[in-house]
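A.B. asks: Here's a structure for you.
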Amino acid sequence: MSEVASVPLLDLQAQYGPIRGDVLAAVTRVCDSQRFIGGPEVEALEGELAVMLGVGAAVGVSSGTDALLAAMMALGIGPGDEVVTTTYSFFATAGCIARLGARPVLADIDPVTCNIDPAAAAAAITPRTRAIVPVHLYGCSAEMAPILEAASRAGVPVVEDAAQAIGARYHGRAVGGLGAVGCFSFFPSKNLGAFGDGGLVTTSDAALANRIRLLRNHGAERRYFHTSVGGNFRLDAIQAAVLRVKLPHLAAWTEARRRNADRYRELLGSLVVRGLVELPVEPEGLYHIYNQFVIRLDERDRVKAGLDARRVGCEIYYPVPFHLQECFAGLGYRKGEFPAAEDAAARTLALPIYGELTEDQQRYVVESIAQIVG
Ligand SMILES: *Cc1c(COP(=O)(O)O)cnc(C)c1O
């Protein structure tokens with residue numbers, strides 16, 4: 001057994017250490033300017049991200065949740081509308097649809113990738129459908145070609161929930177620039193994490209970008225003259241300054257996560273051969289950024305308890321699909337309706353994957369799993 005005594009699910013201190021001086025200098029710059037809302041840091045970040053993501057416009061917002069909300073508000077989604085999305089994601093994906101008074105129409109997932117099943121999404125389209133919202137879960141792109149094709153046939157936009165997938169690629173193209181709108185999160189645990197909440201909306205539709213900028217600021221065309229009802233969805237200058245320090249490191253951090261994923265595949269190999277563990281898959285042509293490294297096991301809950309006892313950080317993303325959430329009981333879905341999502345909810349487990357994770361730590365994680373599953 002290795003010398004390691006515990007492994008956290010995520011170690012933000014390890015990432016912060018080497019960039020601490022640069023971060024503090026950037027924060028100091030904002031403090032000295034006393035410009036906290038909008039301004040040059042936010043605008044510079046938006047420009048840098050638009051280039052990186054290959055989109056016409058990037059609009060900084062207050063969180064990934066507000067990115068989804070503002071994007072769907074800008075598309076005019078509201079009461080009486082239906083929005084097709086996956087039943088298996090972080091709550092915000094379906095929550096934002098419901099908050100607008102629209103109905104989340106849920107689709108099951110692909111049992112291998114955990115992303116929305118394109119055929120199920122297409123089958124869920126009705127004359128009331130106003131958008132399709134695929135999620136690039138865990139940092140791997142959804143199978144976009146058939147989704148974009150179904151959306152185009154129905155004449156509705158695709159809103160990408162790319163909150164977990166900044167830098168992920170679908171056949172060479174960055175996610176968030178594939179559909180009409182992309183939504184990103186800078187929550188601290190995402191691959192590009194702020195020092196608090198933050199988010200981004202991307203689009204190459206200039207009119208839509210302008211609407212989102214307007215909605216971000218209470219729909220005020222000029223101060224105190226409101227052409228529509230928006231919200232306070234703004235990104236803080238301090239967050240933008242921190243993100244600008246981190247952005248040049250993102251590609252290397254992502255590569256480190258991918259190397260760790262490769263090492264897990266090697267270390268977990270014998271458990272896989274014995275049918276005790278299933279590995280995540282990176283489909284051909286897709287570039288997975290491993291916001292999460294999610295394995296599957298029978299007796300997942302027993303394994304999680306064993307890892308908790310051995311002080312190995314792990315988490316279940318997510319234990320309850322949307323169709324079984326109490327708050328969505330009114331949608332009328334039943335248990336058993338989306339079997340692939342229910343299987344994922346029962347058997348998935350995310351392991352530590354952050355870039356600074358050491359080989360010894362990874363060995364400890366895998367040895368711990370091996371002890372538990374015998
Ligand atoms: C994190 C996340 C969000 C929400 O982002 P916040 O910044 O936490 O509001 C939305 N969708 C998915 C899939 C996420 O993982």
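FYI, nothing fancy with the structure tokens labels: chains A, B, ... in order, residues from 1 per chain, ligands from 1 as they appear.
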Produce as a PyMOL selection string the set of residues near ligand 1, where near means within 7 Å with only C-alpha atoms and all ligand atoms considered.
C.D. replies: chain A and resi 63-66+89-93+135+137+161-164+185-187+197-199
A.B. asks: By how many Å are atom CA of Thr129 of chain A and atom CA of Thr86 of chain A apart?
C.D. replies: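 About the pair atom CA of Thr129 of chain A and atom CA of Thr86 of chain A: they are 14.2 Å apart.
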A.B. asks: Skipping near chain neighbours, those fewer than 6 positions away, what residues fall within 9 Å of Gly56 of chain A using only C-alpha atoms, listed as a list of chain:residue names?
C.D. replies: A:Ala50, A:Gly177, A:Thr202, A:Thr203, A:Ser204, A:Asp205, A:Ala206, A:Ala209
A.B. asks: When distances are computed from only C-alpha atoms, which of A:Leu267, A:Met52, A:Tyr354, A:His136 shows the smallest separation from Gln13 of chain A?
C.D. replies: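 Closest residue, counting only C-alpha atoms: A:Tyr354.
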